[in-house]
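**Q** As input, take upload_19.cif (mmCIF, C-alpha atoms and all ligand atoms):
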data_protein
#
loop_
_atom_site.label_atom_id
_atom_site.label_comp_id
_atom_site.auth_asym_id
_atom_site.auth_seq_id
_atom_site.Cartn_x
_atom_site.Cartn_y
_atom_site.Cartn_z
CA ALA A 1 164.50 62.52 10.09
CA ALA A 2 164.10 61.56 6.45
CA PHE A 3 161.67 58.79 7.37
CA GLY A 4 159.80 61.09 9.71
CA SER A 5 159.47 63.89 7.15
CA GLY A 6 158.39 61.29 4.55
CA LEU A 7 155.65 60.05 6.89
CA ALA A 8 154.54 63.60 7.79
CA GLN A 9 154.58 64.51 4.09
CA ALA A 10 152.39 61.51 3.37
CA GLN A 11 150.00 62.32 6.20
CA ASN A 12 149.42 65.90 4.93
CA TYR A 13 149.16 64.73 1.34
CA PRO A 14 148.28 66.44 -0.98
CA THR A 15 149.66 69.90 -0.30
CA LYS A 16 150.01 71.04 -3.96
CA THR A 17 148.72 70.48 -7.49
CA ILE A 18 148.91 66.91 -8.81
CA THR A 19 149.77 65.97 -12.43
CA MET A 20 148.00 63.07 -14.14
CA ILE A 21 149.87 61.82 -17.22
CA VAL A 22 147.64 60.64 -20.09
CA PRO A 23 149.71 58.76 -22.68
CA PHE A 24 147.64 59.92 -25.69
CA ALA A 25 146.72 63.25 -27.30
CA ALA A 26 144.05 65.47 -25.78
CA GLY A 27 140.49 64.96 -26.99
CA GLY A 28 140.66 61.17 -27.28
CA PRO A 29 138.98 58.47 -25.19
CA THR A 30 141.77 58.06 -22.63
CA ASP A 31 141.86 61.82 -22.13
CA THR A 32 138.08 61.88 -21.67
CA VAL A 33 138.18 59.25 -18.91
CA ALA A 34 141.15 60.97 -17.25
CA ARG A 35 139.57 64.42 -17.17
CA LEU A 36 136.37 63.10 -15.62
CA VAL A 37 138.20 61.11 -12.94
CA ALA A 38 140.78 63.84 -12.26
CA GLN A 39 138.11 66.49 -11.79
CA SER A 40 136.24 64.41 -9.24
CA MET A 41 139.35 63.15 -7.41
CA GLY A 42 140.60 66.72 -7.17
CA THR A 43 137.42 67.70 -5.37
CA THR A 44 137.86 64.88 -2.86
CA LEU A 45 141.58 65.61 -2.34
CA LYS A 46 141.03 69.38 -2.27
CA GLN A 47 143.88 69.88 -4.73
CA GLN A 48 143.75 70.47 -8.47
CA ILE A 49 144.72 67.50 -10.65
CA ILE A 50 145.98 68.72 -14.03
CA ILE A 51 146.22 66.50 -17.09
CA GLU A 52 149.48 66.24 -18.98
CA ASN A 53 149.06 64.58 -22.40
CA VAL A 54 152.27 62.74 -23.29
CA GLY A 55 151.53 60.97 -26.60
CA GLY A 56 153.57 58.73 -28.83
CA ALA A 57 154.51 55.09 -29.39
CA GLY A 58 151.08 53.79 -28.47
CA GLY A 59 151.19 55.11 -24.93
CA THR A 60 154.67 53.84 -24.03
CA ILE A 61 156.26 57.31 -24.08
CA GLY A 62 153.81 58.47 -21.44
CA ALA A 63 154.31 55.28 -19.44
CA ALA A 64 158.09 55.79 -19.47
CA ARG A 65 157.66 59.40 -18.32
CA ALA A 66 155.42 58.31 -15.44
CA ALA A 67 157.76 55.48 -14.42
CA LYS A 68 160.62 57.97 -14.01
CA ALA A 69 158.59 60.56 -12.06
CA ALA A 70 159.28 61.21 -8.37
CA PRO A 71 157.30 58.71 -6.22
CA ASP A 72 155.80 61.47 -4.07
CA GLY A 73 152.16 61.26 -5.08
CA TYR A 74 152.28 64.36 -7.30
CA THR A 75 152.55 62.45 -10.57
CA LEU A 76 149.84 59.93 -11.48
CA PHE A 77 149.41 57.85 -14.63
CA LEU A 78 146.15 56.79 -16.24
CA HIS A 79 146.36 54.09 -18.90
CA HIS A 80 144.27 51.33 -20.37
CA ILE A 81 144.70 47.80 -21.75
CA GLY A 82 147.81 49.06 -23.54
CA GLN A 83 149.72 48.77 -20.27
CA SER A 84 149.32 45.00 -20.62
CA THR A 85 149.96 44.67 -24.39
CA ALA A 86 153.08 46.86 -24.68
CA PRO A 87 155.39 44.24 -23.10
CA ALA A 88 154.58 41.84 -25.97
CA LEU A 89 154.63 44.54 -28.69
CA TYR A 90 157.97 46.16 -27.78
CA ARG A 91 161.19 44.18 -27.47
CA LYS A 92 162.74 46.81 -25.20
CA LEU A 93 160.70 49.09 -22.91
CA PRO A 94 162.45 51.60 -20.60
CA TYR A 95 160.15 50.49 -17.77
CA ASN A 96 158.52 47.36 -16.38
CA ALA A 97 154.74 47.37 -16.84
CA ILE A 98 154.27 46.00 -13.32
CA ASP A 99 157.38 46.73 -11.24
CA SER A 100 157.85 50.38 -12.24
CA PHE A 101 154.45 51.38 -10.89
CA GLU A 102 152.24 51.35 -7.79
CA PRO A 103 148.73 50.31 -8.84
CA ILE A 104 145.95 52.52 -7.42
CA GLY A 105 142.85 50.89 -8.90
CA LEU A 106 140.76 49.87 -11.90
CA ILE A 107 138.42 52.51 -13.33
CA THR A 108 136.20 51.40 -16.22
CA ASP A 109 136.02 48.88 -19.07
CA VAL A 110 135.08 50.73 -22.28
CA PRO A 111 133.46 49.07 -25.31
CA MET A 112 134.90 49.63 -28.80
CA THR A 113 133.05 50.35 -32.02
CA VAL A 114 134.01 49.72 -35.61
CA VAL A 115 133.43 53.05 -37.38
CA ALA A 116 134.14 54.39 -40.88
CA ARG A 117 134.08 57.65 -42.76
CA GLY A 118 130.55 58.88 -43.54
CA ASN A 119 130.58 57.81 -47.19
CA PHE A 120 132.18 54.38 -46.72
CA PRO A 121 130.54 52.00 -49.23
CA ALA A 122 129.26 49.31 -46.79
CA LYS A 123 125.88 49.17 -45.07
CA ASP A 124 126.76 46.57 -42.43
CA MET A 125 129.74 44.68 -40.99
CA LYS A 126 129.47 41.82 -43.47
CA GLU A 127 129.63 44.31 -46.38
CA LEU A 128 132.53 46.13 -44.70
CA ILE A 129 134.49 42.88 -44.51
CA THR A 130 133.71 42.04 -48.14
CA TYR A 131 134.76 45.52 -49.26
CA VAL A 132 137.96 45.53 -47.16
CA LYS A 133 139.02 42.12 -48.50
CA ALA A 134 138.31 43.20 -52.09
CA ASN A 135 140.20 46.48 -51.62
CA LYS A 136 142.86 45.42 -49.13
CA ASP A 137 145.60 47.39 -50.92
CA LYS A 138 143.56 50.60 -50.88
CA VAL A 139 141.72 50.67 -47.55
CA THR A 140 143.39 52.55 -44.67
CA TYR A 141 142.92 51.86 -40.95
CA ALA A 142 143.54 54.57 -38.30
CA HIS A 143 144.98 53.87 -34.83
CA ALA A 144 146.93 55.47 -31.99
CA GLY A 145 150.18 53.54 -32.33
CA LEU A 146 151.61 50.17 -31.34
CA GLY A 147 150.24 49.61 -27.86
CA SER A 148 147.00 51.51 -28.31
CA ALA A 149 143.59 49.88 -28.02
CA SER A 150 142.69 51.01 -31.53
CA HIS A 151 145.81 49.26 -32.83
CA LEU A 152 145.04 46.10 -30.84
CA CYS A 153 141.46 45.98 -32.15
CA GLY A 154 142.74 46.63 -35.68
CA MET A 155 145.19 43.77 -35.34
CA LEU A 156 142.40 41.44 -34.21
CA LEU A 157 140.15 42.64 -37.07
CA GLN A 158 142.89 42.11 -39.66
CA THR A 159 143.56 38.64 -38.31
CA ALA A 160 139.82 37.83 -38.39
CA MET A 161 139.51 39.14 -41.97
CA GLY A 162 142.78 37.56 -43.10
CA VAL A 163 144.14 40.82 -44.48
CA GLU A 164 147.11 43.07 -43.73
CA LEU A 165 146.09 46.70 -44.25
CA THR A 166 147.84 50.01 -44.56
CA THR A 167 147.48 51.49 -41.07
CA VAL A 168 147.79 55.18 -40.22
CA PRO A 169 149.18 55.98 -36.72
CA TYR A 170 148.14 59.07 -34.73
CA LYS A 171 149.12 60.40 -31.29
CA GLY A 172 145.62 59.50 -30.18
CA THR A 173 142.23 58.65 -31.63
CA GLY A 174 141.14 62.22 -31.00
CA PRO A 175 143.27 63.37 -33.96
CA ALA A 176 142.41 60.15 -35.84
CA MET A 177 138.71 61.00 -35.54
CA ASN A 178 139.35 64.37 -37.23
CA ASP A 179 140.74 62.58 -40.28
CA LEU A 180 137.90 60.04 -40.25
CA LEU A 181 135.40 62.91 -40.21
CA GLY A 182 137.32 64.48 -43.09
CA GLY A 183 137.37 61.22 -45.03
CA GLN A 184 141.19 61.14 -45.07
CA VAL A 185 141.20 57.65 -43.54
CA ASP A 186 138.70 54.85 -44.10
CA PHE A 187 137.90 53.13 -40.81
CA MET A 188 138.99 52.38 -37.27
CA CYS A 189 138.01 50.55 -34.11
CA ASP A 190 137.74 53.04 -31.27
CA GLN A 191 136.16 53.39 -27.88
CA THR A 192 132.60 54.57 -27.33
CA THR A 193 134.03 57.35 -25.13
CA ASN A 194 135.28 58.89 -28.39
CA THR A 195 132.85 57.65 -31.04
CA THR A 196 129.41 57.98 -29.40
CA SER A 197 128.78 61.64 -30.21
CA GLN A 198 130.04 61.31 -33.78
CA ILE A 199 127.95 58.18 -34.37
CA LYS A 200 124.85 59.99 -33.08
CA SER A 201 125.67 63.03 -35.25
CA GLY A 202 125.54 60.74 -38.31
CA LYS A 203 128.86 62.12 -39.56
CA ILE A 204 130.54 58.68 -39.37
CA LYS A 205 129.18 55.20 -39.99
CA ALA A 206 129.11 52.61 -37.21
CA TYR A 207 129.07 48.85 -37.82
CA GLY A 208 129.21 47.11 -34.48
CA VAL A 209 130.40 46.99 -30.90
CA THR A 210 133.15 44.72 -29.57
CA THR A 211 131.23 43.71 -26.44
CA LYS A 212 129.27 40.51 -25.70
CA THR A 213 126.06 42.50 -25.34
CA VAL A 214 124.64 45.61 -27.01
CA VAL A 215 125.75 48.92 -25.47
CA PRO A 216 122.66 50.63 -23.93
CA SER A 217 123.62 54.08 -25.23
CA LEU A 218 124.02 52.68 -28.77
CA PRO A 219 120.97 50.36 -28.90
CA ASN A 220 120.91 50.02 -32.69
CA LEU A 221 124.51 48.87 -32.97
CA PRO A 222 124.80 45.05 -33.13
CA THR A 223 127.64 43.18 -31.46
CA LEU A 224 130.29 41.95 -33.88
CA ALA A 225 130.19 38.60 -32.07
CA SER A 226 126.50 38.03 -32.89
CA GLY A 227 127.00 38.59 -36.60
CA ALA A 228 130.00 38.91 -38.80
CA LEU A 229 132.73 37.98 -36.30
CA PRO A 230 131.63 35.24 -33.89
CA GLY A 231 133.63 35.35 -30.66
CA PHE A 232 135.11 38.77 -31.41
CA GLU A 233 135.38 40.61 -28.09
CA VAL A 234 137.68 43.31 -26.75
CA GLY A 235 137.05 45.76 -23.91
CA VAL A 236 139.36 48.62 -23.00
CA TRP A 237 139.91 48.45 -19.27
CA HIS A 238 141.53 51.48 -17.61
CA GLY A 239 143.70 51.73 -14.48
CA LEU A 240 145.30 54.47 -12.38
CA TYR A 241 148.95 54.18 -11.31
CA ALA A 242 151.64 56.06 -9.37
CA PRO A 243 155.41 55.58 -9.72
CA LYS A 244 156.96 52.66 -7.79
CA GLY A 245 157.87 53.67 -4.26
CA THR A 246 155.00 56.11 -3.72
CA PRO A 247 154.34 55.89 0.07
CA LYS A 248 151.45 53.62 1.12
CA PRO A 249 149.48 56.39 2.93
CA VAL A 250 149.56 58.35 -0.34
CA VAL A 251 148.47 55.32 -2.39
CA ASP A 252 145.62 54.76 0.08
CA ALA A 253 144.51 58.40 -0.13
CA LEU A 254 144.54 58.20 -3.94
CA ALA A 255 142.64 54.89 -3.98
CA ASN A 256 139.99 56.34 -1.65
CA ALA A 257 139.63 59.41 -3.89
CA LEU A 258 139.42 57.18 -6.98
CA ARG A 259 136.63 55.11 -5.39
CA ALA A 260 134.78 58.31 -4.48
CA SER A 261 135.06 59.50 -8.10
CA LEU A 262 133.50 56.25 -9.33
CA ARG A 263 130.51 56.94 -7.07
CA ASP A 264 130.32 60.59 -8.19
CA PRO A 265 126.89 60.92 -9.93
CA ASN A 266 128.37 63.25 -12.56
CA VAL A 267 131.13 60.77 -13.43
CA VAL A 268 128.67 57.85 -13.53
CA LYS A 269 126.27 59.78 -15.80
CA ARG A 270 129.01 60.88 -18.20
CA PHE A 271 130.39 57.35 -18.34
CA ASN A 272 126.88 56.00 -19.08
CA ASP A 273 126.24 58.63 -21.76
CA LEU A 274 129.56 57.59 -23.36
CA GLY A 275 128.72 53.89 -23.40
CA THR A 276 130.52 52.71 -20.31
CA GLU A 277 130.27 52.50 -16.51
CA PRO A 278 132.61 52.59 -13.50
CA VAL A 279 133.97 49.28 -12.22
CA PRO A 280 132.43 48.11 -8.91
CA THR A 281 134.30 50.04 -6.20
CA ASN A 282 135.86 46.82 -4.83
CA GLN A 283 137.78 46.70 -8.13
CA ALA A 284 139.13 50.23 -7.64
CA THR A 285 141.89 48.92 -5.38
CA PRO A 286 145.66 48.38 -5.78
CA GLU A 287 145.27 44.59 -5.42
CA ALA A 288 142.51 44.35 -8.02
CA LEU A 289 144.50 46.37 -10.57
CA ARG A 290 147.73 44.44 -9.89
CA THR A 291 145.93 41.11 -10.33
CA HIS A 292 144.12 42.22 -13.48
CA LEU A 293 147.24 43.71 -15.07
CA LYS A 294 149.22 40.49 -14.52
CA GLN A 295 146.36 38.36 -15.91
CA GLN A 296 146.07 40.62 -18.98
CA ILE A 297 149.82 40.58 -19.69
CA ASP A 298 149.65 36.75 -19.62
CA LEU A 299 146.51 36.76 -21.79
CA TRP A 300 147.62 39.12 -24.56
CA GLY A 301 151.23 38.04 -24.88
CA PRO A 302 150.57 34.83 -26.85
CA ILE A 303 147.73 36.41 -28.90
CA ILE A 304 149.99 39.26 -29.99
CA LYS A 305 152.89 36.92 -30.72
CA LYS A 306 150.61 34.79 -32.93
CA ALA A 307 149.17 37.81 -34.77
CA GLY A 308 152.61 39.38 -34.84
CA ALA A 309 152.46 39.66 -38.63
CA PHE A 310 150.14 42.62 -38.29
CA ALA A 311 152.07 44.43 -35.56
CA ASP A 312 153.66 47.46 -37.26
C1 LIG B 401 143.72 53.98 -28.05
O1 LIG B 401 143.45 53.73 -29.22
O2 LIG B 401 144.42 53.32 -27.29
C2 LIG B 401 143.12 55.20 -27.49
O3 LIG B 401 141.88 55.34 -28.07
C3 LIG B 401 143.98 56.33 -27.89
C4 LIG B 401 143.45 57.56 -27.25
O4 LIG B 401 142.95 57.50 -26.11
O5 LIG B 401 143.55 58.59 -27.91
#
Translate this file's structure into structure tokens.
Ligand code: MLT
**A**
Amino acid sequence: AAFGSGLAQAQNYPTKTITMIVPFAAGGPTDTVARLVAQSMGTTLKQQIIIENVGGAGGTIGAARAAKAAPDGYTLFLHHIGQSTAPALYRKLPYNAIDSFEPIGLITDVPMTVVARGNFPAKDMKELITYVKANKDKVTYAHAGLGSASHLCGMLLQTAMGVELTTVPYKGTGPAMNDLLGGQVDFMCDQTTNTTSQIKSGKIKAYGVTTKTVVPSLPNLPTLASGALPGFEVGVWHGLYAPKGTPKPVVDALANALRASLRDPNVVKRFNDLGTEPVPTNQATPEALRTHLKQQIDLWGPIIKKAGAFAD
């Protein structure tokens, strides 16, 4: 009976509102991606998908919450590269980055930008590095906690500059951006999904992008790799997950809805306007996400261990 009802439940899925956990504060880049995808998936699934922002500890609080949720398809979890760096950054996590989840699919790989408060005294990345090194005890760097992409990029920047800065943690780079706009913090490395509009408003300064090639929506922003920081590259890939044990028919329905959202013209346009694009739909699959997550955990582990000095 139990099996039967489980199967029937899965076949009629979804029959009620779905929650999508975002492990950072509202208004930040992860939240932006989640709301776009959730809106479109909800249309396909004919059920509302509501966002629950569960911030803290660089995304690991939200991950732990999602890992413990009932595996019935009514709690989803959207996270980025931080799912693969947390295992190296935290000695003890109350979940396993791979085994506590059912992967649904990859979503998008978002470029990052080095940005500073509007009156920061550097006109380009080379001057920023010179200034930061000369003022390393004064300059402050904003991020969204150990495990966030902004923290990871900051760690790589500090390693590249050979400095260890005072870093200011936030529950997300949405709140961090408010302080950057107010001049309360000096600079940060954050995703184009959060920085594009502020860069275009001229209220913050932008110094470069962390991608191999220039970002079409920010044509005047050079790549860090082509100038001040040869080889510097970090992209913030995003994936959608459900708790381990979510029935396969439910996972399949969610993966289909995710792929439809990545073909949704509104989602594609908003992603493009914000400096990114959906992954090819053959990457929005459980297998592609599982493979990528494992490869990224293996990639970042040693890098983080080596740079460990800068991990808070
Ligand atoms: C991060 O730094 O990982 C994210 O930008 C945080 C966020 O989405 O707010």
**Q** Between A:Ala25, A:Leu289, A:Leu229, A:Met112, which is the closest to ligand LIG 401 (chain B) once you count all atoms listed in the file?
**A**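 Closest to ligand LIG 401 (chain B), using all atoms listed in the file: A:Ala25.
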**Q** Show which residues sit within 7 Å of region 255-259 of chain A, as a PyMOL selection string. Count only C-alpha atoms, and ignore same-chain residues fewer than 6 positions away.
**A** chain A and resi 41+44-45+104-105+281+284-285
**Q** Which residues of region 173-218 of chain A have any atom within 8 Å of an atom in region 125-148 of chain A when counting only C-alpha atoms, and what is the closest pair of atoms for each, with the distance in Å to one decimal? Order the rows by chain and rising number and write it as JSON lines.
**A**
{"residue": "A:Thr173", "atom": "CA", "partner": "A:Ala144", "partner_atom": "CA", "distance": 5.7}
{"residue": "A:Ala176", "atom": "CA", "partner": "A:Ala142", "partner_atom": "CA", "distance": 6.2}
{"residue": "A:Val185", "atom": "CA", "partner": "A:Thr140", "partner_atom": "CA", "distance": 5.7}
{"residue": "A:Asp186", "atom": "CA", "partner": "A:Thr140", "partner_atom": "CA", "distance": 5.3}
{"residue": "A:Phe187", "atom": "CA", "partner": "A:Tyr141", "partner_atom": "CA", "distance": 5.2}
{"residue": "A:Met188", "atom": "CA", "partner": "A:Ala142", "partner_atom": "CA", "distance": 5.2}
{"residue": "A:Cys189", "atom": "CA", "partner": "A:His143", "partner_atom": "CA", "distance": 7.8}
{"residue": "A:Tyr207", "atom": "CA", "partner": "A:Met125", "partner_atom": "CA", "distance": 5.3}
{"residue": "A:Gly208", "atom": "CA", "partner": "A:Met125", "partner_atom": "CA", "distance": 7.0}
**Q** Can you tell me which residues surround region 293-300 of chain A at a distance of at most 8 Å, considering only C-alpha atoms, apart from same-chain residues fewer than 3 positions away, and format the answer as a list in words?
**A**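 Within the cut-off, the hits are Ile81, Gln83, Ser84, Thr85, Pro87, Ala88, Ile98, Leu289, Arg290, Ile303 and Ile304 of chain A.
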**Q** Counting all atoms listed in the file, what residues are within 10 Å of ligand LIG 401 (chain B), given as an MDAnalysis selection string?
**A** chainID A and resid 22:34 53 55:56 58:59 79:83 112 142:154 169:177 188:195 236
**Q** May I have the residues within 10 Å of Val214 (chain A) as a list in words, using all atoms listed in the file and disregarding those fewer than 4 positions away in the same chain?
**A**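 Listing them by chain and then by number gives Pro111, Gly208, Val209, Thr210, Leu218, Pro219, Asn220, Leu221, Pro222, Thr223, Leu224, Ser226 and Gly275 of chain A.
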**Q** For the atom pair CA of Ser40 (chain A) and CA of Ser261 (chain A), what is the interatomic distance in Å to one decimal place?
**A**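 Spanning CA of Ser40 (chain A) to CA of Ser261 (chain A) is a straight-line distance of 5.2 Å.
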**Q** Mind writing region 40-75 of chain A to a file for me, with N, CA and C atoms, as a PDB file, in the first residue's frame?
**A**
ATOM      1  N   SER A  40       9.277  30.208 -13.723  1.00  0.00           N
ATOM      2  CA  SER A  40       9.048  29.492 -14.978  1.00  0.00           C
ATOM      3  C   SER A  40       8.704  28.030 -14.728  1.00  0.00           C
ATOM      4  N   MET A  41       9.401  27.391 -13.792  1.00  0.00           N
ATOM      5  CA  MET A  41       9.103  25.981 -13.477  1.00  0.00           C
ATOM      6  C   MET A  41       7.697  25.843 -12.927  1.00  0.00           C
ATOM      7  N   GLY A  42       7.276  26.844 -12.144  1.00  0.00           N
ATOM      8  CA  GLY A  42       5.942  26.798 -11.556  1.00  0.00           C
ATOM      9  C   GLY A  42       4.872  26.806 -12.638  1.00  0.00           C
ATOM     10  N   THR A  43       5.136  27.552 -13.697  1.00  0.00           N
ATOM     11  CA  THR A  43       4.182  27.612 -14.811  1.00  0.00           C
ATOM     12  C   THR A  43       4.076  26.237 -15.470  1.00  0.00           C
ATOM     13  N   THR A  44       5.215  25.618 -15.690  1.00  0.00           N
ATOM     14  CA  THR A  44       5.229  24.283 -16.320  1.00  0.00           C
ATOM     15  C   THR A  44       4.546  23.243 -15.425  1.00  0.00           C
ATOM     16  N   LEU A  45       4.820  23.323 -14.120  1.00  0.00           N
ATOM     17  CA  LEU A  45       4.291  22.304 -13.184  1.00  0.00           C
ATOM     18  C   LEU A  45       2.888  22.649 -12.695  1.00  0.00           C
ATOM     19  N   LYS A  46       2.411  23.817 -13.073  1.00  0.00           N
ATOM     20  CA  LYS A  46       1.074  24.281 -12.667  1.00  0.00           C
ATOM     21  C   LYS A  46       0.897  24.300 -11.146  1.00  0.00           C
ATOM     22  N   GLN A  47       1.969  24.574 -10.453  1.00  0.00           N
ATOM     23  CA  GLN A  47       1.921  24.790  -9.001  1.00  0.00           C
ATOM     24  C   GLN A  47       2.878  25.929  -8.669  1.00  0.00           C
ATOM     25  N   GLN A  48       2.532  26.716  -7.661  1.00  0.00           N
ATOM     26  CA  GLN A  48       3.417  27.812  -7.281  1.00  0.00           C
ATOM     27  C   GLN A  48       4.685  27.254  -6.631  1.00  0.00           C
ATOM     28  N   ILE A  49       5.826  27.850  -6.958  1.00  0.00           N
ATOM     29  CA  ILE A  49       7.081  27.508  -6.279  1.00  0.00           C
ATOM     30  C   ILE A  49       7.490  28.757  -5.505  1.00  0.00           C
ATOM     31  N   ILE A  50       7.482  28.652  -4.162  1.00  0.00           N
ATOM     32  CA  ILE A  50       7.838  29.842  -3.369  1.00  0.00           C
ATOM     33  C   ILE A  50       9.279  29.732  -2.889  1.00  0.00           C
ATOM     34  N   ILE A  51       9.937  30.856  -2.803  1.00  0.00           N
ATOM     35  CA  ILE A  51      11.345  30.899  -2.395  1.00  0.00           C
ATOM     36  C   ILE A  51      11.419  31.073  -0.885  1.00  0.00           C
ATOM     37  N   GLU A  52      12.251  30.248  -0.266  1.00  0.00           N
ATOM     38  CA  GLU A  52      12.535  30.439   1.158  1.00  0.00           C
ATOM     39  C   GLU A  52      14.023  30.747   1.306  1.00  0.00           C
ATOM     40  N   ASN A  53      14.353  31.975   1.709  1.00  0.00           N
ATOM     41  CA  ASN A  53      15.760  32.351   1.884  1.00  0.00           C
ATOM     42  C   ASN A  53      16.253  31.895   3.256  1.00  0.00           C
ATOM     43  N   VAL A  54      17.188  30.981   3.255  1.00  0.00           N
ATOM     44  CA  VAL A  54      17.750  30.471   4.522  1.00  0.00           C
ATOM     45  C   VAL A  54      19.242  30.784   4.490  1.00  0.00           C
ATOM     46  N   GLY A  55      19.636  31.952   5.000  1.00  0.00           N
ATOM     47  CA  GLY A  55      21.027  32.416   4.889  1.00  0.00           C
ATOM     48  C   GLY A  55      21.883  31.914   6.038  1.00  0.00           C
ATOM     49  N   GLY A  56      23.183  32.246   5.918  1.00  0.00           N
ATOM     50  CA  GLY A  56      24.090  31.928   7.024  1.00  0.00           C
ATOM     51  C   GLY A  56      25.141  30.904   6.655  1.00  0.00           C
ATOM     52  N   ALA A  57      26.334  31.106   7.241  1.00  0.00           N
ATOM     53  CA  ALA A  57      27.452  30.162   7.095  1.00  0.00           C
ATOM     54  C   ALA A  57      27.707  29.827   5.629  1.00  0.00           C
ATOM     55  N   GLY A  58      27.696  30.862   4.808  1.00  0.00           N
ATOM     56  CA  GLY A  58      28.106  30.695   3.411  1.00  0.00           C
ATOM     57  C   GLY A  58      27.252  29.711   2.634  1.00  0.00           C
ATOM     58  N   GLY A  59      25.987  29.577   3.037  1.00  0.00           N
ATOM     59  CA  GLY A  59      25.093  28.700   2.281  1.00  0.00           C
ATOM     60  C   GLY A  59      24.907  27.328   2.907  1.00  0.00           C
ATOM     61  N   THR A  60      25.720  27.009   3.931  1.00  0.00           N
ATOM     62  CA  THR A  60      25.651  25.653   4.502  1.00  0.00           C
ATOM     63  C   THR A  60      24.462  25.487   5.440  1.00  0.00           C
ATOM     64  N   ILE A  61      23.924  26.583   5.983  1.00  0.00           N
ATOM     65  CA  ILE A  61      22.723  26.461   6.822  1.00  0.00           C
ATOM     66  C   ILE A  61      21.542  26.047   5.953  1.00  0.00           C
ATOM     67  N   GLY A  62      21.448  26.698   4.799  1.00  0.00           N
ATOM     68  CA  GLY A  62      20.363  26.371   3.859  1.00  0.00           C
ATOM     69  C   GLY A  62      20.504  24.960   3.323  1.00  0.00           C
ATOM     70  N   ALA A  63      21.751  24.561   3.062  1.00  0.00           N
ATOM     71  CA  ALA A  63      21.995  23.205   2.541  1.00  0.00           C
ATOM     72  C   ALA A  63      21.569  22.165   3.574  1.00  0.00           C
ATOM     73  N   ALA A  64      21.886  22.439   4.850  1.00  0.00           N
ATOM     74  CA  ALA A  64      21.533  21.493   5.919  1.00  0.00           C
ATOM     75  C   ALA A  64      20.009  21.383   6.049  1.00  0.00           C
ATOM     76  N   ARG A  65      19.344  22.540   5.904  1.00  0.00           N
ATOM     77  CA  ARG A  65      17.874  22.551   6.009  1.00  0.00           C
ATOM     78  C   ARG A  65      17.276  21.691   4.880  1.00  0.00           C
ATOM     79  N   ALA A  66      17.807  21.887   3.678  1.00  0.00           N
ATOM     80  CA  ALA A  66      17.285  21.149   2.517  1.00  0.00           C
ATOM     81  C   ALA A  66      17.553  19.659   2.651  1.00  0.00           C
ATOM     82  N   ALA A  67      18.730  19.316   3.167  1.00  0.00           N
ATOM     83  CA  ALA A  67      19.109  17.895   3.291  1.00  0.00           C
ATOM     84  C   ALA A  67      18.163  17.157   4.229  1.00  0.00           C
ATOM     85  N   LYS A  68      17.613  17.883   5.219  1.00  0.00           N
ATOM     86  CA  LYS A  68      16.749  17.251   6.221  1.00  0.00           C
ATOM     87  C   LYS A  68      15.269  17.267   5.798  1.00  0.00           C
ATOM     88  N   ALA A  69      14.957  17.956   4.699  1.00  0.00           N
ATOM     89  CA  ALA A  69      13.542  18.099   4.321  1.00  0.00           C
ATOM     90  C   ALA A  69      12.985  16.759   3.839  1.00  0.00           C
ATOM     91  N   ALA A  70      11.661  16.620   3.892  1.00  0.00           N
ATOM     92  CA  ALA A  70      11.014  15.383   3.428  1.00  0.00           C
ATOM     93  C   ALA A  70      11.307  15.204   1.937  1.00  0.00           C
ATOM     94  N   PRO A  71      11.690  13.965   1.539  1.00  0.00           N
ATOM     95  CA  PRO A  71      12.004  13.724   0.115  1.00  0.00           C
ATOM     96  C   PRO A  71      10.737  13.460  -0.697  1.00  0.00           C
ATOM     97  N   ASP A  72       9.841  14.457  -0.724  1.00  0.00           N
ATOM     98  CA  ASP A  72       8.538  14.232  -1.391  1.00  0.00           C
ATOM     99  C   ASP A  72       8.352  15.142  -2.602  1.00  0.00           C
ATOM    100  N   GLY A  73       9.404  15.900  -2.912  1.00  0.00           N
ATOM    101  CA  GLY A  73       9.306  16.762  -4.098  1.00  0.00           C
ATOM    102  C   GLY A  73       8.774  18.149  -3.790  1.00  0.00           C
ATOM    103  N   TYR A  74       8.437  18.399  -2.512  1.00  0.00           N
ATOM    104  CA  TYR A  74       7.866  19.713  -2.167  1.00  0.00           C
ATOM    105  C   TYR A  74       8.875  20.640  -1.505  1.00  0.00           C
ATOM    106  N   THR A  75      10.127  20.160  -1.385  1.00  0.00           N
ATOM    107  CA  THR A  75      11.215  21.047  -0.989  1.00  0.00           C
ATOM    108  C   THR A  75      12.351  20.862  -2.000  1.00  0.00           C
TER     109      THR A  75
END
